[in-house]
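**Student:** Mind looking over this structure? Questions follow.
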Amino acid sequence: MNVSTSAPVAITGVGAVSRPAIGARELARAADLWRTEPTDDERPWSVAELDNFAPAEFLGKRGWRFLPEATRAALAAVQLTLAHANEAADGATEHAPERVGVALGTNFAVDAVVDRIDRALLAEGIAGISPVECPNFSVNVPAGRLGIAHGLRAFNITLVNPLTAGLESALVGARAMAADRADAVLVGAVEGRPPAAARTVTGPGVDAAGACLLHLERPERAAERGATVHALLTGGSRRTVPGNPAAAQRVLAAALDALGTPPGVLHLSLPATGGAHAAQAAEDWAKTRGATTALTVTTGAPQASATPVLGLAQHLVRGVRESAVVGALGPRGNLTLLRLEPPRSRA
């Protein structure tokens, strides 16, 4: 399925709370997140804590201690995203909160909470469940908290799809704006501690939590506000890529062709195992269609569905100078592609 945005959508803000970086400036200086080395090795499973993040700096001294770590990261990330989107803008022309929507992707934002509740029920029954923690079991809680904290009332959507959910949220946000459901949308991904069973997607080394959000709005509105446009989202595609190499090549080629002329940059985020056929199909396509297309592949997702969004965000804050297609492939063959173009003018 090809997804048209009807009109280009401006990306005007980036907010990251992750081990690679906190905020747009750190993200621009961080090591390249679009790395190509494989991660399907024999290393033991390990989880790196989000020890570079101090919630109190963003959330104050009270009110956040009983929230899941992923929700804390998301609440801080939305602050960073909105501040970045309004950095160069006139404060009097910020979007009305009731016209701002939220669409976030996740895989494991509340996985640890659900696991603790399950264990408590099995061991102690209903008496073992904490009334403070219990409301955090829902996968909709992180996105819901963002809307409540900032009064964002246009809509609130959570998408769950391994590895691809964060990029999918950008298409949801763009389509919602085209339907006039919102003037701006916060999209991206928030993740919690993945279970060891996710190793085939994430690789052996994962982060305990993190969030990366993007601020979308109409280009004309960004110009009115004086906001800096980092790139234009001009379209996207969602397909299912078969495991058969020849069929994968046909499907991926058709999806890329449908997005227009060969881009200057093509990047794919793949699961730790099972994505080699897609990488080869992308390489073959680049050779035959785009002699100048620079292909990079990230294998493994330490931040789960936030990994592709973090890579995209880093690309944005470093400066988009040519067309780019950014994609993610899930473990079941779900493929999401986004087409980006350089901003027409910079504030």
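Identifiers in this document derive from the order of the structure tokens: chains are assigned A, B, ..., residues are numbered from 1 separately in each chain, and ligands are numbered from 1 in order of occurrence.
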For A:Ala165, please output as an MDAnalysis selection string all residues within 10 Å (counting only C-alpha atoms; exclusion window: fewer than 4 positions along the same chain).
**Tutor:** chainID A and resid 103:107 158:161 169:170 188:190 304:306 308:309 328 330 334 336
**Student:** Pick out each residue of stretch 126-254 of chain A that DSSP on the backbone tags as strand (DSSP E or B); I need them as a PyMOL selection string.
**Tutor:** chain A and resi 156-160+184-191+205-207+210-217+231-240
**Student:** For A:Gly144, please output as number ranges by chain all residues within 12 Å (counting only C-alpha atoms; exclusion window: fewer than 3 positions along the same chain).
**Tutor:** A: 71, 74-75, 101-104, 135-136, 138-141, 147-158
**Student:** Can you list, as an MDAnalysis selection string, every protein, DNA or RNA residue that comes within 10 Å of A:Leu171 when you count only C-alpha atoms, leaving out same-chain residues fewer than 2 positions away?
**Tutor:** chainID A and resid 3:5 103 166:169 173:177 187 233:238 336:338
**Student:** Ranking A:Ala184, A:Ala196, A:Ala278, A:Ala246 by minimum distance to A:Ala85 and counting only C-alpha atoms, which one comes first?
**Tutor:**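 Distance minimum relative to A:Ala85 lands on A:Ala184.
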**Student:** Based on DSSP run over this structure's backbone, return all residues of stretch 79-328 of chain A in alpha helix (DSSP H), as a tab-separated table (two decimals) with N, CA, C and O atoms, in the first residue's frame.
**Tutor:**
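Written file, states08.tsv:
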```tsv
chain	number	residue	atom	x	y	z
A	79	GLN	N	8.75	17.50	25.72
A	79	GLN	CA	9.23	18.85	26.06
A	79	GLN	C	10.34	19.29	25.12
A	79	GLN	O	10.33	20.42	24.61
A	80	LEU	N	11.29	18.40	24.89
A	80	LEU	CA	12.40	18.72	24.00
A	80	LEU	C	11.92	18.97	22.57
A	80	LEU	O	12.40	19.87	21.88
A	81	THR	N	10.96	18.15	22.12
A	81	THR	CA	10.46	18.29	20.75
A	81	THR	C	9.75	19.61	20.54
A	81	THR	O	9.98	20.32	19.55
A	82	LEU	N	8.86	19.96	21.46
A	82	LEU	CA	8.12	21.21	21.33
A	82	LEU	C	9.06	22.40	21.44
A	82	LEU	O	8.91	23.39	20.70
A	83	ALA	N	10.03	22.33	22.33
A	83	ALA	CA	10.99	23.43	22.45
A	83	ALA	C	11.80	23.58	21.17
A	83	ALA	O	12.05	24.71	20.70
A	84	HIS	N	12.20	22.46	20.58
A	84	HIS	CA	12.98	22.51	19.33
A	84	HIS	C	12.13	23.04	18.18
A	84	HIS	O	12.61	23.84	17.36
A	85	ALA	N	10.86	22.65	18.13
A	85	ALA	CA	9.97	23.11	17.06
A	85	ALA	C	9.69	24.60	17.16
A	85	ALA	O	9.43	25.25	16.14
A	111	ASP	N	6.07	-3.35	28.83
A	111	ASP	CA	6.31	-4.78	28.94
A	111	ASP	C	6.74	-5.18	30.35
A	111	ASP	O	6.26	-6.17	30.91
A	112	ALA	N	7.64	-4.40	30.95
A	112	ALA	CA	8.12	-4.74	32.29
A	112	ALA	C	7.01	-4.63	33.33
A	112	ALA	O	6.94	-5.45	34.26
A	113	VAL	N	6.13	-3.64	33.17
A	113	VAL	CA	5.02	-3.49	34.11
A	113	VAL	C	4.07	-4.68	34.03
A	113	VAL	O	3.65	-5.25	35.04
A	114	VAL	N	3.71	-5.05	32.81
A	114	VAL	CA	2.81	-6.19	32.62
A	114	VAL	C	3.43	-7.47	33.18
A	114	VAL	O	2.74	-8.29	33.81
A	115	ASP	N	4.74	-7.63	32.97
A	115	ASP	CA	5.41	-8.82	33.49
A	115	ASP	C	5.36	-8.86	35.02
A	115	ASP	O	5.08	-9.91	35.62
A	116	ARG	N	5.59	-7.71	35.67
A	116	ARG	CA	5.53	-7.67	37.14
A	116	ARG	C	4.13	-7.97	37.65
A	116	ARG	O	3.95	-8.68	38.65
A	117	ILE	N	3.12	-7.44	36.97
A	117	ILE	CA	1.74	-7.69	37.39
A	117	ILE	C	1.40	-9.17	37.24
A	117	ILE	O	0.77	-9.78	38.12
A	118	ASP	N	1.81	-9.77	36.13
A	118	ASP	CA	1.57	-11.21	35.92
A	118	ASP	C	2.21	-12.04	37.02
A	118	ASP	O	1.58	-12.96	37.58
A	119	ARG	N	3.46	-11.72	37.34
A	119	ARG	CA	4.17	-12.49	38.37
A	119	ARG	C	3.51	-12.32	39.74
A	119	ARG	O	3.42	-13.26	40.53
A	120	ALA	N	3.08	-11.09	40.02
A	120	ALA	CA	2.43	-10.82	41.31
A	120	ALA	C	1.11	-11.58	41.42
A	120	ALA	O	0.79	-12.15	42.48
A	121	LEU	N	0.34	-11.62	40.35
A	121	LEU	CA	-0.93	-12.35	40.37
A	121	LEU	C	-0.70	-13.84	40.59
A	121	LEU	O	-1.43	-14.48	41.37
A	122	LEU	N	0.29	-14.40	39.93
A	122	LEU	CA	0.57	-15.82	40.06
A	122	LEU	C	1.07	-16.17	41.47
A	122	LEU	O	0.74	-17.22	42.02
A	123	ALA	N	1.85	-15.27	42.05
A	123	ALA	CA	2.45	-15.57	43.35
A	123	ALA	C	1.54	-15.22	44.53
A	123	ALA	O	1.50	-15.94	45.52
A	124	GLU	N	0.81	-14.10	44.43
A	124	GLU	CA	0.07	-13.60	45.58
A	124	GLU	C	-1.40	-13.34	45.32
A	124	GLU	O	-2.14	-13.03	46.26
A	141	VAL	N	-0.72	4.12	27.70
A	141	VAL	CA	-0.43	5.08	28.76
A	141	VAL	C	0.63	6.12	28.37
A	141	VAL	O	0.42	7.33	28.60
A	142	PRO	N	1.79	5.75	27.78
A	142	PRO	CA	2.78	6.78	27.47
A	142	PRO	C	2.25	7.88	26.56
A	142	PRO	O	2.39	9.08	26.86
A	143	ALA	N	1.59	7.51	25.47
A	143	ALA	CA	1.04	8.53	24.56
A	143	ALA	C	-0.06	9.32	25.26
A	143	ALA	O	-0.17	10.54	25.08
A	144	GLY	N	-0.88	8.64	26.06
A	144	GLY	CA	-1.94	9.33	26.78
A	144	GLY	C	-1.40	10.35	27.75
A	144	GLY	O	-1.95	11.45	27.89
A	145	ARG	N	-0.32	10.00	28.44
A	145	ARG	CA	0.30	10.93	29.39
A	145	ARG	C	0.79	12.19	28.69
A	145	ARG	O	0.71	13.29	29.23
A	146	LEU	N	1.33	12.03	27.47
A	146	LEU	CA	1.82	13.20	26.74
A	146	LEU	C	0.67	14.16	26.45
A	146	LEU	O	0.79	15.37	26.63
A	147	GLY	N	-0.45	13.61	25.98
A	147	GLY	CA	-1.60	14.45	25.68
A	147	GLY	C	-2.13	15.16	26.91
A	147	GLY	O	-2.44	16.36	26.86
A	148	ILE	N	-2.21	14.44	28.01
A	148	ILE	CA	-2.73	15.02	29.25
A	148	ILE	C	-1.79	16.11	29.76
A	148	ILE	O	-2.23	17.20	30.15
A	149	ALA	N	-0.49	15.85	29.75
A	149	ALA	CA	0.48	16.79	30.31
A	149	ALA	C	0.49	18.12	29.57
A	149	ALA	O	0.74	19.17	30.16
A	150	HIS	N	0.24	18.08	28.26
A	150	HIS	CA	0.32	19.30	27.45
A	150	HIS	C	-1.02	19.73	26.87
A	150	HIS	O	-1.07	20.65	26.06
A	165	ALA	N	6.83	0.50	13.99
A	165	ALA	CA	5.75	1.32	14.53
A	165	ALA	C	6.09	2.80	14.58
A	165	ALA	O	5.23	3.65	14.34
A	166	GLY	N	7.34	3.14	14.91
A	166	GLY	CA	7.72	4.54	14.99
A	166	GLY	C	7.61	5.26	13.66
A	166	GLY	O	7.11	6.40	13.59
A	167	LEU	N	8.10	4.63	12.59
A	167	LEU	CA	7.98	5.24	11.26
A	167	LEU	C	6.53	5.26	10.80
A	167	LEU	O	6.09	6.21	10.13
A	168	GLU	N	5.77	4.23	11.14
A	168	GLU	CA	4.35	4.21	10.77
A	168	GLU	C	3.60	5.39	11.36
A	168	GLU	O	2.68	5.93	10.76
A	169	SER	N	3.99	5.80	12.57
A	169	SER	CA	3.30	6.90	13.22
A	169	SER	C	3.42	8.19	12.40
A	169	SER	O	2.51	9.03	12.43
A	170	ALA	N	4.52	8.37	11.68
A	170	ALA	CA	4.68	9.56	10.85
A	170	ALA	C	3.66	9.57	9.71
A	170	ALA	O	3.12	10.63	9.36
A	171	LEU	N	3.39	8.40	9.13
A	171	LEU	CA	2.38	8.33	8.07
A	171	LEU	C	0.99	8.60	8.64
A	171	LEU	O	0.17	9.28	8.03
A	172	VAL	N	0.72	8.06	9.83
A	172	VAL	CA	-0.57	8.31	10.48
A	172	VAL	C	-0.74	9.81	10.74
A	172	VAL	O	-1.80	10.39	10.48
A	173	GLY	N	0.31	10.44	11.26
A	173	GLY	CA	0.23	11.86	11.54
A	173	GLY	C	0.02	12.69	10.29
A	173	GLY	O	-0.79	13.64	10.28
A	174	ALA	N	0.74	12.35	9.22
A	174	ALA	CA	0.60	13.10	7.97
A	174	ALA	C	-0.80	12.96	7.38
A	174	ALA	O	-1.40	13.94	6.89
A	175	ARG	N	-1.34	11.76	7.43
A	175	ARG	CA	-2.69	11.55	6.90
A	175	ARG	C	-3.74	12.28	7.74
A	175	ARG	O	-4.72	12.81	7.22
A	176	ALA	N	-3.53	12.31	9.04
A	176	ALA	CA	-4.47	13.03	9.91
A	176	ALA	C	-4.47	14.52	9.60
A	176	ALA	O	-5.53	15.17	9.60
A	177	MET	N	-3.30	15.07	9.34
A	177	MET	CA	-3.23	16.49	8.99
A	177	MET	C	-3.89	16.75	7.64
A	177	MET	O	-4.58	17.76	7.45
A	178	ALA	N	-3.71	15.82	6.69
A	178	ALA	CA	-4.36	15.98	5.39
A	178	ALA	C	-5.87	15.95	5.51
A	178	ALA	O	-6.58	16.61	4.74
A	199	ARG	N	15.42	-10.78	21.22
A	199	ARG	CA	16.79	-10.72	20.72
A	199	ARG	C	16.88	-10.83	19.21
A	199	ARG	O	17.73	-10.20	18.57
A	200	THR	N	16.03	-11.63	18.59
A	200	THR	CA	16.10	-11.81	17.14
A	200	THR	C	15.80	-10.50	16.39
A	200	THR	O	16.17	-10.35	15.23
A	201	VAL	N	15.13	-9.57	17.06
A	201	VAL	CA	14.85	-8.26	16.46
A	201	VAL	C	15.89	-7.24	16.90
A	201	VAL	O	16.46	-6.51	16.09
A	202	THR	N	16.14	-7.19	18.21
A	202	THR	CA	16.97	-6.13	18.75
A	202	THR	C	18.46	-6.41	18.66
A	202	THR	O	19.27	-5.48	18.60
A	219	PRO	N	3.90	23.06	5.92
A	219	PRO	CA	5.01	23.98	5.59
A	219	PRO	C	4.61	25.45	5.64
A	219	PRO	O	5.39	26.30	6.11
A	220	GLU	N	3.40	25.77	5.16
A	220	GLU	CA	2.99	27.17	5.17
A	220	GLU	C	2.83	27.70	6.59
A	220	GLU	O	3.12	28.86	6.88
A	221	ARG	N	2.37	26.83	7.48
A	221	ARG	CA	2.23	27.24	8.88
A	221	ARG	C	3.60	27.41	9.53
A	221	ARG	O	3.81	28.35	10.32
A	222	ALA	N	4.53	26.53	9.19
A	222	ALA	CA	5.89	26.67	9.71
A	222	ALA	C	6.50	27.98	9.25
A	222	ALA	O	7.19	28.68	10.02
A	223	ALA	N	6.25	28.36	7.99
A	223	ALA	CA	6.77	29.63	7.47
A	223	ALA	C	6.16	30.81	8.20
A	223	ALA	O	6.85	31.78	8.55
A	224	GLU	N	4.86	30.74	8.47
A	224	GLU	CA	4.19	31.81	9.21
A	224	GLU	C	4.81	31.99	10.59
A	224	GLU	O	4.95	33.11	11.08
A	225	ARG	N	5.15	30.87	11.23
A	225	ARG	CA	5.66	30.91	12.59
A	225	ARG	C	7.16	31.24	12.64
A	225	ARG	O	7.71	31.51	13.69
A	245	PRO	N	13.86	-14.52	-1.66
A	245	PRO	CA	14.68	-13.40	-2.15
A	245	PRO	C	14.17	-12.78	-3.44
A	245	PRO	O	14.16	-11.55	-3.57
A	246	ALA	N	13.75	-13.61	-4.41
A	246	ALA	CA	13.28	-13.05	-5.68
A	246	ALA	C	12.01	-12.25	-5.49
A	246	ALA	O	11.84	-11.15	-6.05
A	247	ALA	N	11.08	-12.78	-4.69
A	247	ALA	CA	9.84	-12.07	-4.43
A	247	ALA	C	10.10	-10.79	-3.63
A	247	ALA	O	9.48	-9.75	-3.87
A	248	ALA	N	11.03	-10.87	-2.68
A	248	ALA	CA	11.38	-9.69	-1.88
A	248	ALA	C	11.92	-8.58	-2.77
A	248	ALA	O	11.60	-7.40	-2.58
A	249	GLN	N	12.72	-8.97	-3.74
A	249	GLN	CA	13.29	-7.97	-4.65
A	249	GLN	C	12.19	-7.27	-5.44
A	249	GLN	O	12.21	-6.05	-5.61
A	250	ARG	N	11.20	-8.03	-5.90
A	250	ARG	CA	10.11	-7.44	-6.68
A	250	ARG	C	9.29	-6.48	-5.82
A	250	ARG	O	8.96	-5.37	-6.24
A	251	VAL	N	8.96	-6.91	-4.61
A	251	VAL	CA	8.11	-6.09	-3.73
A	251	VAL	C	8.83	-4.82	-3.31
A	251	VAL	O	8.27	-3.72	-3.36
A	252	LEU	N	10.08	-4.96	-2.90
A	252	LEU	CA	10.82	-3.79	-2.44
A	252	LEU	C	11.07	-2.82	-3.58
A	252	LEU	O	10.93	-1.60	-3.41
A	253	ALA	N	11.38	-3.34	-4.75
A	253	ALA	CA	11.61	-2.47	-5.90
A	253	ALA	C	10.35	-1.70	-6.27
A	253	ALA	O	10.39	-0.50	-6.55
A	254	ALA	N	9.20	-2.38	-6.24
A	254	ALA	CA	7.94	-1.71	-6.56
A	254	ALA	C	7.62	-0.62	-5.55
A	254	ALA	O	7.16	0.47	-5.91
A	255	ALA	N	7.89	-0.89	-4.27
A	255	ALA	CA	7.62	0.10	-3.22
A	255	ALA	C	8.52	1.32	-3.38
A	255	ALA	O	8.06	2.47	-3.25
A	256	LEU	N	9.79	1.11	-3.67
A	256	LEU	CA	10.71	2.22	-3.85
A	256	LEU	C	10.40	3.00	-5.12
A	256	LEU	O	10.44	4.24	-5.13
A	257	ASP	N	10.07	2.30	-6.20
A	257	ASP	CA	9.75	2.98	-7.45
A	257	ASP	C	8.53	3.88	-7.29
A	257	ASP	O	8.45	4.96	-7.88
A	276	ALA	N	18.48	-10.31	5.78
A	276	ALA	CA	19.51	-10.27	4.74
A	276	ALA	C	18.92	-10.19	3.35
A	276	ALA	O	19.47	-9.52	2.47
A	277	HIS	N	17.77	-10.85	3.13
A	277	HIS	CA	17.17	-10.83	1.79
A	277	HIS	C	16.70	-9.43	1.42
A	277	HIS	O	16.81	-9.02	0.26
A	278	ALA	N	16.23	-8.67	2.40
A	278	ALA	CA	15.79	-7.30	2.13
A	278	ALA	C	16.98	-6.39	1.86
A	278	ALA	O	16.93	-5.51	0.99
A	279	ALA	N	18.06	-6.60	2.60
A	279	ALA	CA	19.27	-5.81	2.36
A	279	ALA	C	19.81	-6.05	0.96
A	279	ALA	O	20.20	-5.10	0.25
A	280	GLN	N	19.80	-7.31	0.54
A	280	GLN	CA	20.28	-7.62	-0.81
A	280	GLN	C	19.36	-7.03	-1.86
A	280	GLN	O	19.82	-6.51	-2.88
A	281	ALA	N	18.05	-7.09	-1.61
A	281	ALA	CA	17.09	-6.51	-2.57
A	281	ALA	C	17.28	-5.01	-2.70
A	281	ALA	O	17.21	-4.46	-3.80
A	282	ALA	N	17.53	-4.33	-1.58
A	282	ALA	CA	17.77	-2.89	-1.62
A	282	ALA	C	19.06	-2.57	-2.37
A	282	ALA	O	19.12	-1.61	-3.16
A	283	GLU	N	20.10	-3.38	-2.15
A	283	GLU	CA	21.36	-3.17	-2.85
A	283	GLU	C	21.19	-3.35	-4.35
A	283	GLU	O	21.69	-2.56	-5.16
A	284	ASP	N	20.45	-4.40	-4.74
A	284	ASP	CA	20.22	-4.65	-6.17
A	284	ASP	C	19.42	-3.51	-6.79
A	284	ASP	O	19.70	-3.07	-7.91
A	285	TRP	N	18.42	-3.00	-6.05
A	285	TRP	CA	17.61	-1.90	-6.57
A	285	TRP	C	18.47	-0.66	-6.76
A	285	TRP	O	18.37	0.03	-7.79
A	286	ALA	N	19.30	-0.35	-5.77
A	286	ALA	CA	20.14	0.84	-5.86
A	286	ALA	C	21.08	0.77	-7.05
A	286	ALA	O	21.35	1.78	-7.72
A	287	LYS	N	21.59	-0.41	-7.33
A	287	LYS	CA	22.51	-0.58	-8.46
A	287	LYS	C	21.81	-0.37	-9.79
A	287	LYS	O	22.39	0.20	-10.73
A	288	THR	N	20.57	-0.85	-9.90
A	288	THR	CA	19.88	-0.79	-11.19
A	288	THR	C	19.09	0.50	-11.41
A	288	THR	O	18.93	0.93	-12.54
A	289	ARG	N	18.61	1.13	-10.32
A	289	ARG	CA	17.76	2.32	-10.47
A	289	ARG	C	18.49	3.61	-10.14
A	289	ARG	O	18.25	4.63	-10.75
A	306	ALA	N	12.13	2.49	18.41
A	306	ALA	CA	12.72	3.83	18.42
A	306	ALA	C	14.01	3.91	17.62
A	306	ALA	O	14.46	5.00	17.28
A	307	THR	N	14.63	2.77	17.31
A	307	THR	CA	15.90	2.78	16.58
A	307	THR	C	15.80	3.47	15.23
A	307	THR	O	16.61	4.35	14.93
A	308	PRO	N	14.83	3.11	14.36
A	308	PRO	CA	14.75	3.82	13.07
A	308	PRO	C	14.44	5.29	13.23
A	308	PRO	O	14.91	6.11	12.44
A	309	VAL	N	13.64	5.65	14.24
A	309	VAL	CA	13.27	7.06	14.44
A	309	VAL	C	14.50	7.85	14.91
A	309	VAL	O	14.71	8.99	14.48
A	310	LEU	N	15.31	7.27	15.79
A	310	LEU	CA	16.53	7.94	16.23
A	310	LEU	C	17.48	8.17	15.07
A	310	LEU	O	18.08	9.25	14.95
A	311	GLY	N	17.64	7.17	14.21
A	311	GLY	CA	18.49	7.35	13.04
A	311	GLY	C	17.97	8.45	12.12
A	311	GLY	O	18.73	9.28	11.62
A	312	LEU	N	16.65	8.45	11.90
A	312	LEU	CA	16.04	9.49	11.08
A	312	LEU	C	16.23	10.86	11.73
A	312	LEU	O	16.59	11.84	11.06
A	313	ALA	N	16.01	10.96	13.03
A	313	ALA	CA	16.15	12.23	13.73
A	313	ALA	C	17.58	12.76	13.63
A	313	ALA	O	17.81	13.96	13.43
A	314	GLN	N	18.56	11.86	13.76
A	314	GLN	CA	19.95	12.30	13.63
A	314	GLN	C	20.22	12.83	12.22
A	314	GLN	O	20.90	13.85	12.04
A	315	HIS	N	19.67	12.16	11.23
A	315	HIS	CA	19.81	12.62	9.85
A	315	HIS	C	19.21	14.02	9.69
A	315	HIS	O	19.79	14.88	9.02
A	316	LEU	N	18.09	14.26	10.32
A	316	LEU	CA	17.42	15.56	10.22
A	316	LEU	C	18.25	16.67	10.85
A	316	LEU	O	18.43	17.74	10.25
A	317	VAL	N	18.74	16.44	12.06
A	317	VAL	CA	19.45	17.53	12.77
A	317	VAL	C	20.84	17.76	12.21
A	317	VAL	O	21.44	18.82	12.46
```
**Student:** Between atom CA of A:Val325 and atom CA of A:Val297, what distance in Å does the model show, to one decimal?
**Tutor:** 12.0 Å
